[in-house]
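Coordinates from final22.cif are shown below (mmCIF, C-alpha atoms).
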data_final
loop_
_atom_site.group_PDB
_atom_site.id
_atom_site.type_symbol
_atom_site.label_atom_id
_atom_site.label_comp_id
_atom_site.auth_asym_id
_atom_site.auth_seq_id
_atom_site.Cartn_x
_atom_site.Cartn_y
_atom_site.Cartn_z
ATOM 1 C CA MET A 1294 130.429 148.624 135.260
ATOM 2 C CA VAL A 1295 127.125 150.542 135.414
ATOM 3 C CA THR A 1296 126.964 150.721 131.615
ATOM 4 C CA ARG A 1297 127.543 146.973 131.401
ATOM 5 C CA ARG A 1298 124.767 146.267 133.883
ATOM 6 C CA ILE A 1299 122.374 148.489 131.949
ATOM 7 C CA ALA A 1300 123.273 146.666 128.735
ATOM 8 C CA VAL A 1301 122.633 143.320 130.429
ATOM 9 C CA LEU A 1302 119.249 144.568 131.676
ATOM 10 C CA GLN A 1303 118.286 145.810 128.219
ATOM 11 C CA GLY A 1304 119.335 142.527 126.647
ATOM 12 C CA ALA A 1305 117.385 140.523 129.217
ATOM 13 C CA ILE A 1306 114.194 142.552 128.700
ATOM 14 C CA SER A 1307 114.461 142.181 124.929
ATOM 15 C CA LEU A 1308 115.213 138.462 125.154
ATOM 16 C CA VAL A 1309 112.235 137.737 127.401
ATOM 17 C CA SER A 1310 109.881 139.868 125.276
ATOM 18 C CA LEU A 1311 111.110 138.430 121.993
ATOM 19 C CA THR A 1312 110.928 134.864 123.278
ATOM 20 C CA ALA A 1313 107.315 135.402 124.306
ATOM 21 C CA VAL A 1314 106.442 136.884 120.898
ATOM 22 C CA VAL A 1315 108.174 134.063 118.980
ATOM 23 C CA TRP A 1316 106.444 131.428 121.142
ATOM 24 C CA TRP A 1317 103.078 133.063 120.520
ATOM 25 C CA ALA A 1318 103.689 133.499 116.779
ATOM 26 C CA SER A 1319 104.708 129.840 116.427
ATOM 27 C CA ARG A 1320 101.228 128.842 117.601
ATOM 28 C CA GLN A 1321 99.443 130.890 114.933
ATOM 29 C CA ASP A 1322 98.548 129.933 111.389
ATOM 30 C CA ARG A 1323 101.347 130.530 108.914
ATOM 31 C CA PRO A 1324 101.331 134.187 107.824
ATOM 32 C CA SER A 1325 101.484 135.186 104.182
ATOM 33 C CA LEU A 1326 102.663 138.468 102.761
ATOM 34 C CA PRO A 1327 100.110 140.473 100.733
ATOM 35 C CA GLU A 1328 100.650 140.412 96.967
ATOM 36 C CA THR A 1329 97.742 142.390 95.510
ATOM 37 C CA GLY A 1330 98.212 145.753 93.879
ATOM 38 C CA ASP A 1331 96.095 147.460 96.527
ATOM 39 C CA ALA A 1332 98.232 145.973 99.295
ATOM 40 C CA VAL A 1333 101.460 147.118 97.644
ATOM 41 C CA ALA A 1334 99.982 150.589 97.151
ATOM 42 C CA ALA A 1335 99.015 150.714 100.834
ATOM 43 C CA LEU A 1336 102.556 149.771 101.853
ATOM 44 C CA LEU A 1337 104.012 152.432 99.575
ATOM 45 C CA ALA A 1338 101.608 154.944 101.103
ATOM 46 C CA ALA A 1339 102.733 153.863 104.571
ATOM 47 C CA GLY A 1340 106.344 154.506 103.598
ATOM 48 C CA GLY A 1341 105.461 157.940 102.235
ATOM 49 C CA LEU A 1342 103.495 158.828 105.361
ATOM 50 C CA TYR A 1343 106.397 157.794 107.580
ATOM 51 C CA ALA A 1344 108.740 159.943 105.489
ATOM 52 C CA ALA A 1345 106.354 162.861 106.038
ATOM 53 C CA ALA A 1346 106.280 162.191 109.790
ATOM 54 C CA THR A 1347 110.091 162.081 109.869
ATOM 55 C CA ALA A 1348 110.284 165.390 107.971
ATOM 56 C CA ALA A 1349 107.822 166.922 110.452
ATOM 57 C CA ARG A 1350 109.989 165.735 113.348
ATOM 58 C CA ALA A 1351 113.041 167.253 111.691
ATOM 59 C CA GLU A 1352 111.213 170.563 111.216
ATOM 60 C CA ARG A 1353 110.142 170.520 114.856
ATOM 61 C CA TRP A 1354 113.748 169.989 115.968
ATOM 62 C CA TYR A 1355 114.908 172.787 113.652
ATOM 63 C CA ARG A 1356 112.427 175.210 115.218
ATOM 64 C CA ILE A 1357 113.530 174.203 118.705
ATOM 65 C CA LEU A 1358 117.164 174.728 117.719
ATOM 66 C CA ARG A 1359 116.478 178.181 116.293
ATOM 67 C CA ARG A 1360 114.453 179.208 119.332
ATOM 68 C CA SER A 1361 117.342 178.073 121.556
ATOM 69 C CA GLY A 1362 119.819 180.226 119.649
ATOM 70 C CA VAL A 1363 121.574 177.287 117.987
ATOM 71 C CA GLY A 1364 122.577 178.410 114.504
ATOM 72 C CA ALA A 1365 121.743 175.142 112.791
ATOM 73 C CA ARG A 1366 120.821 174.890 109.151
ATOM 74 C CA ARG A 1367 117.544 173.237 108.207
ATOM 75 C CA GLY A 1368 119.477 170.702 106.124
ATOM 76 C CA ASP A 1369 121.471 169.635 109.185
ATOM 77 C CA ALA A 1370 118.312 169.215 111.267
ATOM 78 C CA TYR A 1371 116.727 167.051 108.578
ATOM 79 C CA GLY A 1372 119.841 165.020 107.841
ATOM 80 C CA LEU A 1373 120.758 164.386 111.465
ATOM 81 C CA THR A 1374 117.201 163.340 112.271
ATOM 82 C CA THR A 1375 117.598 160.407 109.878
ATOM 83 C CA VAL A 1376 121.042 159.659 111.324
ATOM 84 C CA GLY A 1377 119.573 159.665 114.826
ATOM 85 C CA TYR A 1378 116.842 157.205 113.869
ATOM 86 C CA MET A 1379 119.421 154.998 112.179
ATOM 87 C CA ALA A 1380 121.479 154.989 115.376
ATOM 88 C CA ASN A 1381 118.399 154.280 117.507
ATOM 89 C CA ASN A 1382 117.893 151.170 115.408
ATOM 90 C CA VAL A 1383 121.430 149.867 115.896
ATOM 91 C CA LEU A 1384 122.273 151.155 119.382
ATOM 92 C CA PRO A 1385 120.453 150.544 122.682
ATOM 93 C CA ALA A 1386 118.643 153.057 124.920
ATOM 94 C CA ARG A 1387 117.729 155.541 122.144
ATOM 95 C CA SER A 1388 121.380 156.519 121.844
ATOM 96 C CA GLY A 1389 120.681 158.052 118.459
ATOM 97 C CA ASP A 1390 118.984 161.029 120.109
ATOM 98 C CA LEU A 1391 122.203 161.846 121.921
ATOM 99 C CA LEU A 1392 124.386 161.110 118.912
ATOM 100 C CA ARG A 1393 122.573 163.473 116.557
ATOM 101 C CA ALA A 1394 122.930 166.265 119.095
ATOM 102 C CA LEU A 1395 126.663 165.586 119.430
ATOM 103 C CA LEU A 1396 127.100 165.430 115.649
ATOM 104 C CA LEU A 1397 125.461 168.866 115.448
ATOM 105 C CA VAL A 1398 128.000 170.464 117.808
ATOM 106 C CA PRO A 1399 130.922 170.785 115.312
ATOM 107 C CA ALA A 1400 128.630 172.277 112.665
ATOM 108 C CA THR A 1401 127.195 174.961 114.947
ATOM 109 C CA GLY A 1402 129.804 175.565 117.643
ATOM 110 C CA THR A 1403 127.150 175.258 120.357
ATOM 111 C CA GLY A 1404 127.759 173.552 123.686
ATOM 112 C CA LYS A 1405 127.083 169.850 124.005
ATOM 113 C CA ARG A 1406 124.565 170.238 126.823
ATOM 114 C CA SER A 1407 122.678 172.939 124.946
ATOM 115 C CA ALA A 1408 122.437 170.713 121.868
ATOM 116 C CA VAL A 1409 121.316 167.728 123.946
ATOM 117 C CA GLY A 1410 118.788 169.978 125.677
ATOM 118 C CA THR A 1411 116.997 170.551 122.362
ATOM 119 C CA VAL A 1412 116.519 166.790 122.013
ATOM 120 C CA VAL A 1413 115.234 166.640 125.592
ATOM 121 C CA ALA A 1414 112.645 169.276 124.655
ATOM 122 C CA GLU A 1415 111.521 167.048 121.776
ATOM 123 C CA ARG A 1416 111.011 164.130 124.150
ATOM 124 C CA VAL A 1417 109.009 166.379 126.505
ATOM 125 C CA LEU A 1418 106.701 167.312 123.641
ATOM 126 C CA ASP A 1419 106.270 163.656 122.694
ATOM 127 C CA VAL A 1420 105.440 162.629 126.258
ATOM 128 C CA VAL A 1421 102.834 165.393 126.579
ATOM 129 C CA ALA A 1422 101.312 164.591 123.177
ATOM 130 C CA LEU A 1423 101.112 160.880 123.973
ATOM 131 C CA GLY A 1424 99.620 161.681 127.380
ATOM 132 C CA LEU A 1425 96.867 163.700 125.719
ATOM 133 C CA MET A 1426 96.234 160.804 123.358
ATOM 134 C CA PHE A 1427 95.921 158.409 126.300
ATOM 135 C CA LEU A 1428 93.398 160.667 128.013
ATOM 136 C CA ALA A 1429 91.349 161.087 124.845
ATOM 137 C CA LEU A 1430 91.327 157.360 124.146
ATOM 138 C CA ALA A 1431 90.511 156.437 127.726
ATOM 139 C CA TYR A 1432 87.743 158.919 128.413
ATOM 140 C CA GLY A 1433 86.106 159.709 125.128
ATOM 141 C CA PHE A 1434 86.673 157.374 122.239
ATOM 142 C CA LEU A 1435 87.521 153.696 122.667
ATOM 143 C CA ARG A 1436 85.254 151.289 124.484
ATOM 144 C CA GLY A 1437 86.144 147.712 125.275
ATOM 145 C CA VAL A 1438 89.846 148.213 124.548
ATOM 146 C CA PRO A 1439 92.163 147.825 127.577
ATOM 147 C CA VAL A 1440 93.281 151.454 127.646
ATOM 148 C CA PRO A 1441 93.062 151.553 131.480
ATOM 149 C CA GLY A 1442 95.890 149.015 131.477
ATOM 150 C CA VAL A 1443 97.970 151.524 129.546
ATOM 151 C CA LEU A 1444 97.089 154.226 132.027
ATOM 152 C CA PHE A 1445 98.141 151.942 134.843
ATOM 153 C CA LEU A 1446 101.523 151.486 133.192
ATOM 154 C CA VAL A 1447 101.857 155.231 132.703
ATOM 155 C CA ALA A 1448 100.976 155.818 136.361
ATOM 156 C CA ALA A 1449 103.486 153.178 137.457
ATOM 157 C CA ALA A 1450 106.203 154.749 135.296
ATOM 158 C CA GLY A 1451 105.330 158.176 136.702
ATOM 159 C CA ALA A 1452 105.483 156.868 140.266
ATOM 160 C CA PHE A 1453 108.874 155.310 139.570
ATOM 161 C CA ALA A 1454 110.166 158.555 138.065
ATOM 162 C CA LEU A 1455 108.844 160.483 141.069
ATOM 163 C CA ALA A 1456 110.580 158.103 143.457
ATOM 164 C CA VAL A 1457 113.848 158.516 141.568
ATOM 165 C CA ALA A 1458 113.451 162.301 141.635
ATOM 166 C CA VAL A 1459 112.793 162.316 145.387
ATOM 167 C CA ALA A 1460 115.828 160.116 145.989
ATOM 168 C CA ALA A 1461 117.929 162.440 143.830
ATOM 169 C CA VAL A 1462 116.750 165.514 145.740
ATOM 170 C CA VAL A 1463 117.591 163.860 149.059
ATOM 171 C CA ALA A 1464 121.039 162.937 147.796
ATOM 172 C CA LEU A 1465 121.680 166.396 146.372
ATOM 173 C CA ARG A 1466 120.918 168.128 149.656
ATOM 174 C CA ARG A 1467 124.371 167.142 150.852
ATOM 175 C CA GLY A 1468 127.142 169.713 150.459
ATOM 176 C CA ASP A 1469 127.111 171.941 147.390
ATOM 177 C CA LEU A 1470 125.761 169.302 145.056
ATOM 178 C CA VAL A 1471 122.541 171.256 144.552
ATOM 179 C CA ARG A 1472 124.392 174.257 143.143
ATOM 180 C CA ARG A 1473 126.579 172.068 140.940
ATOM 181 C CA ALA A 1474 123.582 170.109 139.700
ATOM 182 C CA ARG A 1475 121.744 173.334 138.811
ATOM 183 C CA GLU A 1476 124.740 174.608 136.884
ATOM 184 C CA PHE A 1477 124.973 171.315 135.006
ATOM 185 C CA MET A 1478 121.239 171.122 134.241
ATOM 186 C CA ARG A 1479 120.685 174.756 133.245
ATOM 187 C CA PRO A 1480 121.729 174.398 129.561
ATOM 188 C CA LEU A 1481 119.995 171.021 129.337
ATOM 189 C CA ALA A 1482 116.695 172.470 130.553
ATOM 190 C CA ALA A 1483 116.797 175.762 128.622
ATOM 191 C CA ALA A 1484 115.015 174.456 125.518
ATOM 192 C CA SER A 1485 112.365 172.730 127.624
ATOM 193 C CA ARG A 1486 111.685 175.947 129.573
ATOM 194 C CA ASP A 1487 111.066 177.704 126.261
ATOM 195 C CA LEU A 1488 108.132 175.373 125.663
ATOM 196 C CA LEU A 1489 106.108 177.281 128.284
ATOM 197 C CA SER A 1490 105.071 179.826 125.661
ATOM 198 C CA ALA A 1491 103.009 180.292 122.520
ATOM 199 C CA HIS A 1492 106.001 178.805 120.699
ATOM 200 C CA GLY A 1493 105.674 175.681 122.850
ATOM 201 C CA ALA A 1494 101.922 175.461 122.255
ATOM 202 C CA ALA A 1495 102.485 175.585 118.491
ATOM 203 C CA LEU A 1496 105.102 172.841 118.751
ATOM 204 C CA LEU A 1497 102.704 170.733 120.804
ATOM 205 C CA LEU A 1498 100.122 171.012 118.024
ATOM 206 C CA LEU A 1499 102.829 170.001 115.575
ATOM 207 C CA SER A 1500 103.674 167.035 117.831
ATOM 208 C CA LEU A 1501 100.044 165.911 117.838
ATOM 209 C CA ALA A 1502 100.055 166.138 114.036
ATOM 210 C CA ILE A 1503 103.241 164.044 113.945
ATOM 211 C CA TRP A 1504 101.640 161.305 116.025
ATOM 212 C CA ALA A 1505 98.545 161.469 113.831
ATOM 213 C CA LEU A 1506 100.788 160.898 110.809
ATOM 214 C CA GLU A 1507 102.442 157.980 112.578
ATOM 215 C CA GLY A 1508 99.006 156.563 113.329
ATOM 216 C CA SER A 1509 98.193 156.775 109.631
ATOM 217 C CA VAL A 1510 101.288 154.654 108.938
ATOM 218 C CA TYR A 1511 100.001 151.951 111.297
ATOM 219 C CA LEU A 1512 96.588 152.212 109.649
ATOM 220 C CA ALA A 1513 97.976 151.931 106.103
ATOM 221 C CA VAL A 1514 99.958 148.793 106.993
ATOM 222 C CA ALA A 1515 96.820 147.316 108.557
ATOM 223 C CA ARG A 1516 94.930 147.976 105.307
ATOM 224 C CA ALA A 1517 97.737 146.269 103.364
ATOM 225 C CA VAL A 1518 97.435 143.044 105.353
ATOM 226 C CA GLY A 1519 93.639 143.088 105.669
ATOM 227 C CA LEU A 1520 93.605 143.742 109.413
ATOM 228 C CA GLU A 1521 90.436 145.552 110.467
ATOM 229 C CA MET A 1522 91.510 148.771 112.153
ATOM 230 C CA GLY A 1523 90.038 152.246 112.236
ATOM 231 C CA PRO A 1524 91.797 155.553 112.891
ATOM 232 C CA LEU A 1525 91.080 155.454 116.633
ATOM 233 C CA GLU A 1526 92.298 151.886 116.973
ATOM 234 C CA ALA A 1527 95.448 152.867 115.071
ATOM 235 C CA ALA A 1528 95.973 155.721 117.525
ATOM 236 C CA TYR A 1529 95.626 153.233 120.373
ATOM 237 C CA VAL A 1530 98.233 150.894 118.848
ATOM 238 C CA VAL A 1531 100.608 153.828 118.314
ATOM 239 C CA ALA A 1532 100.162 155.074 121.877
ATOM 240 C CA PHE A 1533 100.580 151.664 123.454
ATOM 241 C CA THR A 1534 103.602 150.767 121.312
ATOM 242 C CA ASN A 1535 105.423 154.016 122.013
ATOM 243 C CA LEU A 1536 104.782 153.650 125.727
ATOM 244 C CA PHE A 1537 106.690 150.377 125.561
ATOM 245 C CA ALA A 1538 109.407 152.081 123.515
ATOM 246 C CA MET A 1539 110.327 153.850 126.779
ATOM 247 C CA VAL A 1540 111.276 150.505 128.361
ATOM 248 C CA PRO A 1541 115.047 149.804 128.175
ATOM 249 C CA ALA A 1542 115.651 147.323 125.374
ATOM 250 C CA ALA A 1543 118.123 146.142 122.760
ATOM 251 C CA PRO A 1544 118.670 148.156 119.562
ATOM 252 C CA GLY A 1545 115.573 148.690 117.459
ATOM 253 C CA TYR A 1546 113.386 148.110 120.538
ATOM 254 C CA LEU A 1547 113.800 144.411 119.838
ATOM 255 C CA GLY A 1548 111.185 142.418 121.694
ATOM 256 C CA THR A 1549 109.434 145.295 123.459
ATOM 257 C CA PHE A 1550 108.127 146.840 120.230
ATOM 258 C CA ASP A 1551 107.022 143.442 118.971
ATOM 259 C CA ALA A 1552 105.256 142.496 122.200
ATOM 260 C CA ALA A 1553 103.460 145.859 122.335
ATOM 261 C CA VAL A 1554 102.246 145.622 118.729
ATOM 262 C CA VAL A 1555 101.022 142.047 119.230
ATOM 263 C CA PHE A 1556 99.192 142.897 122.456
ATOM 264 C CA ALA A 1557 97.576 146.054 121.081
ATOM 265 C CA ALA A 1558 96.572 144.505 117.740
ATOM 266 C CA LYS A 1559 95.133 141.416 119.453
ATOM 267 C CA SER A 1560 93.230 143.568 121.952
ATOM 268 C CA ILE A 1561 91.247 145.184 119.126
ATOM 269 C CA GLY A 1562 90.285 141.790 117.727
ATOM 270 C CA GLY A 1563 92.980 141.053 115.153
ATOM 271 C CA PRO A 1564 93.327 137.358 114.134
ATOM 272 C CA GLY A 1565 96.663 135.864 115.165
ATOM 273 C CA TYR A 1566 98.018 135.121 111.694
ATOM 274 C CA LEU A 1567 97.158 138.644 110.476
ATOM 275 C CA VAL A 1568 98.777 140.186 113.551
ATOM 276 C CA VAL A 1569 102.015 138.308 112.776
ATOM 277 C CA THR A 1570 101.986 139.601 109.193
ATOM 278 C CA TYR A 1571 101.128 143.073 110.431
ATOM 279 C CA LEU A 1572 104.048 143.063 112.867
ATOM 280 C CA LEU A 1573 106.547 141.943 110.222
ATOM 281 C CA LEU A 1574 105.501 144.561 107.674
ATOM 282 C CA LEU A 1575 105.174 147.328 110.262
ATOM 283 C CA ARG A 1576 108.703 146.616 111.451
ATOM 284 C CA PHE A 1577 109.954 146.790 107.883
ATOM 285 C CA VAL A 1578 108.231 150.103 107.108
ATOM 286 C CA LEU A 1579 109.275 151.802 110.366
ATOM 287 C CA PHE A 1580 112.849 150.535 110.665
ATOM 288 C CA VAL A 1581 114.455 149.492 107.379
ATOM 289 C CA PRO A 1582 114.130 152.535 105.050
ATOM 290 C CA ILE A 1583 115.052 155.108 107.724
ATOM 291 C CA THR A 1584 118.101 153.045 108.732
ATOM 292 C CA VAL A 1585 119.325 152.899 105.135
ATOM 293 C CA VAL A 1586 118.709 156.618 104.564
ATOM 294 C CA GLY A 1587 120.389 157.553 107.846
ATOM 295 C CA LEU A 1588 123.448 155.484 106.988
ATOM 296 C CA VAL A 1589 123.751 157.122 103.560
ATOM 297 C CA VAL A 1590 123.408 160.608 105.089
ATOM 298 C CA LEU A 1591 125.994 159.776 107.761
ATOM 299 C CA ILE A 1592 128.536 158.639 105.164
ATOM 300 C CA ALA A 1593 127.810 161.406 102.670
ATOM 301 C CA ARG A 1594 127.604 164.414 105.017
ATOM 302 C CA TYR A 1595 128.987 163.678 108.473
ATOM 303 C CA GLY A 1596 132.278 161.857 108.130
ATOM 304 C CA GLY A 1597 131.023 158.302 107.914
ATOM 305 C CA TRP A 1598 131.802 155.594 110.416
ATOM 306 C CA SER A 1599 134.859 157.303 111.917
ATOM 307 C CA ARG A 1600 132.854 160.355 112.990
ATOM 308 C CA TYR A 1601 130.042 158.048 114.080
ATOM 309 C CA ARG A 1602 132.480 156.099 116.265
ATOM 310 C CA ASP A 1603 133.881 159.269 117.831
ATOM 311 C CA ALA A 1604 130.406 160.623 118.579
ATOM 312 C CA ARG A 1605 129.394 157.258 120.014
ATOM 313 C CA LEU A 1606 132.340 157.365 122.418
ATOM 314 C CA GLU A 1607 131.344 160.885 123.421
ATOM 315 C CA ALA A 1608 127.781 159.666 123.997
ATOM 316 C CA MET A 1609 128.998 156.845 126.228
ATOM 317 C CA ARG A 1610 131.003 159.312 128.314
ATOM 318 C CA ALA A 1611 128.146 161.847 128.487
#
Go through the file and emit its structure as structure tokens.
Amino acid sequence: MVTRRIAVLQGAISLVSLTAVVWWASRQDRPSLPETGDAVAALLAAGGLYAAATAARAERWYRILRRSGVGARRGDAYGLTTVGYMANNVLPARSGDLLRALLLVPATGTGKRSAVGTVVAERVLDVVALGLMFLALAYGFLRGVPVPGVLFLVAAAGAFALAVAVAAVVALRRGDLVRRAREFMRPLAAASRDLLSAHGAALLLLSLAIWALEGSVYLAVARAVGLEMGPLEAAYVVAFTNLFAMVPAAPGYLGTFDAAVVFAAKSIGGPGYLVVTYLLLLRFVLFVPITVVGLVVLIARYGGWSRYRDARLEAMRA
């Protein structure tokens, strides 16, 4: 029942966001896809840069796994990263992150919670890296761009998370739930605790480099469509868009991603028809190739759809 309600909420958020984007796009001049050689080269460069960012994410996960004592091979970390992104694009609530951890368990013999904990550590690094980007953009670089609105959303999300945490602590004070909760959370939190070290600092630098690579993808697509955007504006669009990626939504962040890209690109002065073209091509570069690659890797190395279905059921029960 709870899962069904969450799915309904995600669908509703995506539907409202997508409806707003479609209504706005219908009022713009008709977009046209770029056809020049320079535009095609820029799109190819964007695809290559995103492949590099994905490889860097896979390497980061591999290093977290090794530090946590999980005997994973580098090939598994790289392959399952693509599978996880594929699943994120076809399943709601970033389920691919959980699925890739569960698919790693049979290959390494590690516990499920320990494997999932390494993915949690990745998300911690991303949140910290994005937070640093927000601070830099708000207090040192961009002027006239509504970054304070982003900070307000971050503060609101933080306040909500704090309220949930306080409510959880109050609930856990009853009986022996505190002890049981600690026992359950210990393997999940182990990889995140390891980040409080020189190892964690190095991974944070790697995370910042990953987001810089992702920003270069956004910038290359902008160059392909003729949308005026500099490196700092691209960083702003990346930061704003990935903040909205945290909002529960349908698979592929349908609606929320689109609304965030439109708002951010318009806020830096992009013409409506170019923003529509930019959104369409950015979606293609970020979602289509990685989904195809992840599907091929899943079928070729990890048992195909049957293993995917079993891991998905495990994820739903987790």
- Which residue, A:Arg1416, A:Arg1594, A:Arg1387, A:Arg1516, has the smallest gap to Leu1567 (chain A) when you use all atoms listed in the file?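 Closest to Leu1567 (chain A), using all atoms listed in the file: A:Arg1516.
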- Counting all atoms listed in the file, figure out which residue out of A:Ala1414, A:Leu1579, A:Val1531, A:Leu1574 gets nearest to Ala1558 (chain A).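 For Ala1558 (chain A), the nearest of the given residues is A:Val1531.
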- Query: With distances taken over only C-alpha atoms, which of A:Leu1575, A:Val1554, A:Ala1543, A:Ala1422 is nearest to Asn1382 (chain A)?
  - Reply: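 Result for the nearest residue to Asn1382 (chain A): A:Ala1543.
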- Query: Using the chain letters and numbers from the file, which residues does the PyMOL selection byres ((chain A and resi 1355) around 9) grab, as a ChimeraX atom specification?
  - Reply: /A:1350-1354,1356-1360,1365-1367,1369-1371
Any chance you could export the current selection's C-alpha atoms as a short mmCIF file (atom, residue, chain, number, x, y, z; two decimals), in the coordinates of the input?
data_model
loop_
_atom_site.label_atom_id
_atom_site.label_comp_id
_atom_site.auth_asym_id
_atom_site.auth_seq_id
_atom_site.Cartn_x
_atom_site.Cartn_y
_atom_site.Cartn_z
CA ARG A 1350 109.99 165.74 113.35
CA ALA A 1351 113.04 167.25 111.69
CA GLU A 1352 111.21 170.56 111.22
CA ARG A 1353 110.14 170.52 114.86
CA TRP A 1354 113.75 169.99 115.97
CA ARG A 1356 112.43 175.21 115.22
CA ILE A 1357 113.53 174.20 118.70
CA LEU A 1358 117.16 174.73 117.72
CA ARG A 1359 116.48 178.18 116.29
CA ARG A 1360 114.45 179.21 119.33
CA ALA A 1365 121.74 175.14 112.79
CA ARG A 1366 120.82 174.89 109.15
CA ARG A 1367 117.54 173.24 108.21
CA ASP A 1369 121.47 169.64 109.18
CA ALA A 1370 118.31 169.22 111.27
CA TYR A 1371 116.73 167.05 108.58
#
- What separation in Å, quoted to one decimal, exists between CA of Val1309 (chain A) and CA of Pro1385 (chain A)? 15.9 Å
- Could you tell me which residues the PyMOL selection byres ((chain A and resi 1555) around 12) grabs in this file, written as a PyMOL selection string? chain A and resi 1310-1311+1313-1315+1317-1318+1530-1531+1533-1534+1537+1548-1554+1556-1573+1575-1576
Can I get the selection written as a compact mmCIF listing (two decimals), keeping the file's coordinate frame, with C-alpha atoms?
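Printed below is out_5.txt as written:
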# COMPACT_ATOMS: atom_id res chain seq x y z
CA SER A 1310 109.88 139.87 125.28
CA LEU A 1311 111.11 138.43 121.99
CA ALA A 1313 107.32 135.40 124.31
CA VAL A 1314 106.44 136.88 120.90
CA VAL A 1315 108.17 134.06 118.98
CA TRP A 1317 103.08 133.06 120.52
CA ALA A 1318 103.69 133.50 116.78
CA VAL A 1530 98.23 150.89 118.85
CA VAL A 1531 100.61 153.83 118.31
CA PHE A 1533 100.58 151.66 123.45
CA THR A 1534 103.60 150.77 121.31
CA PHE A 1537 106.69 150.38 125.56
CA GLY A 1548 111.18 142.42 121.69
CA THR A 1549 109.43 145.29 123.46
CA PHE A 1550 108.13 146.84 120.23
CA ASP A 1551 107.02 143.44 118.97
CA ALA A 1552 105.26 142.50 122.20
CA ALA A 1553 103.46 145.86 122.34
CA VAL A 1554 102.25 145.62 118.73
CA PHE A 1556 99.19 142.90 122.46
CA ALA A 1557 97.58 146.05 121.08
CA ALA A 1558 96.57 144.50 117.74
CA LYS A 1559 95.13 141.42 119.45
CA SER A 1560 93.23 143.57 121.95
CA ILE A 1561 91.25 145.18 119.13
CA GLY A 1562 90.28 141.79 117.73
CA GLY A 1563 92.98 141.05 115.15
CA PRO A 1564 93.33 137.36 114.13
CA GLY A 1565 96.66 135.86 115.16
CA TYR A 1566 98.02 135.12 111.69
CA LEU A 1567 97.16 138.64 110.48
CA VAL A 1568 98.78 140.19 113.55
CA VAL A 1569 102.02 138.31 112.78
CA THR A 1570 101.99 139.60 109.19
CA TYR A 1571 101.13 143.07 110.43
CA LEU A 1572 104.05 143.06 112.87
CA LEU A 1573 106.55 141.94 110.22
CA LEU A 1575 105.17 147.33 110.26
CA ARG A 1576 108.70 146.62 111.45
- Message: Using all atoms listed in the file and a cutoff of 12 Å, can you tell me which residues are near (101.5, 154.0, 100.6) in the file's coordinates, and write them out as number ranges by chain?
- Response: A: 1330-1345, 1509-1517, 1578
- Closest of A:Gly1587, A:Gly1519, A:Gly1508, A:Pro1327 to Arg1393 (chain A) - atom-to-atom distances counting only C-alpha atoms: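 Between A:Gly1587, A:Gly1519, A:Gly1508, A:Pro1327, the residue approaching Arg1393 (chain A) most closely is A:Gly1587.
Atom pair CA of Ala1482 (chain A) / CA of Gly1410 (chain A) has a distance of 5.9 Å (rounded to one decimal).
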- Query: Please, what distance in Å, to one decimal, runs between CA of Gly1372 (chain A) and CA of Tyr1595 (chain A)?
  - Reply: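 Atom-to-atom, CA of Gly1372 (chain A) to CA of Tyr1595 (chain A), that is 9.3 Å.
For the residues A:Asn1381, A:Leu1430, A:Leu1395, A:Ser1319, ranking by smallest atom-to-atom distance to Glu1526 (chain A) using only C-alpha atoms places A:Leu1430 first.
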Kindly compute an axis-aligned box around the listed atoms of region 1564-1581 of chain A, allowing 8 Å on each side, and express its centre and edge lengths in Å to one decimal as JSON.
{"center_x": 103.9, "center_y": 143.5, "center_z": 111.1, "size_x": 37.1, "size_y": 32.7, "size_z": 24.1}
- A:Ala1505, A:Val1540, A:Leu1489, A:Leu1423 ranked by distance to Pro1524 (chain A), top pick (using only C-alpha atoms): A:Ala1505
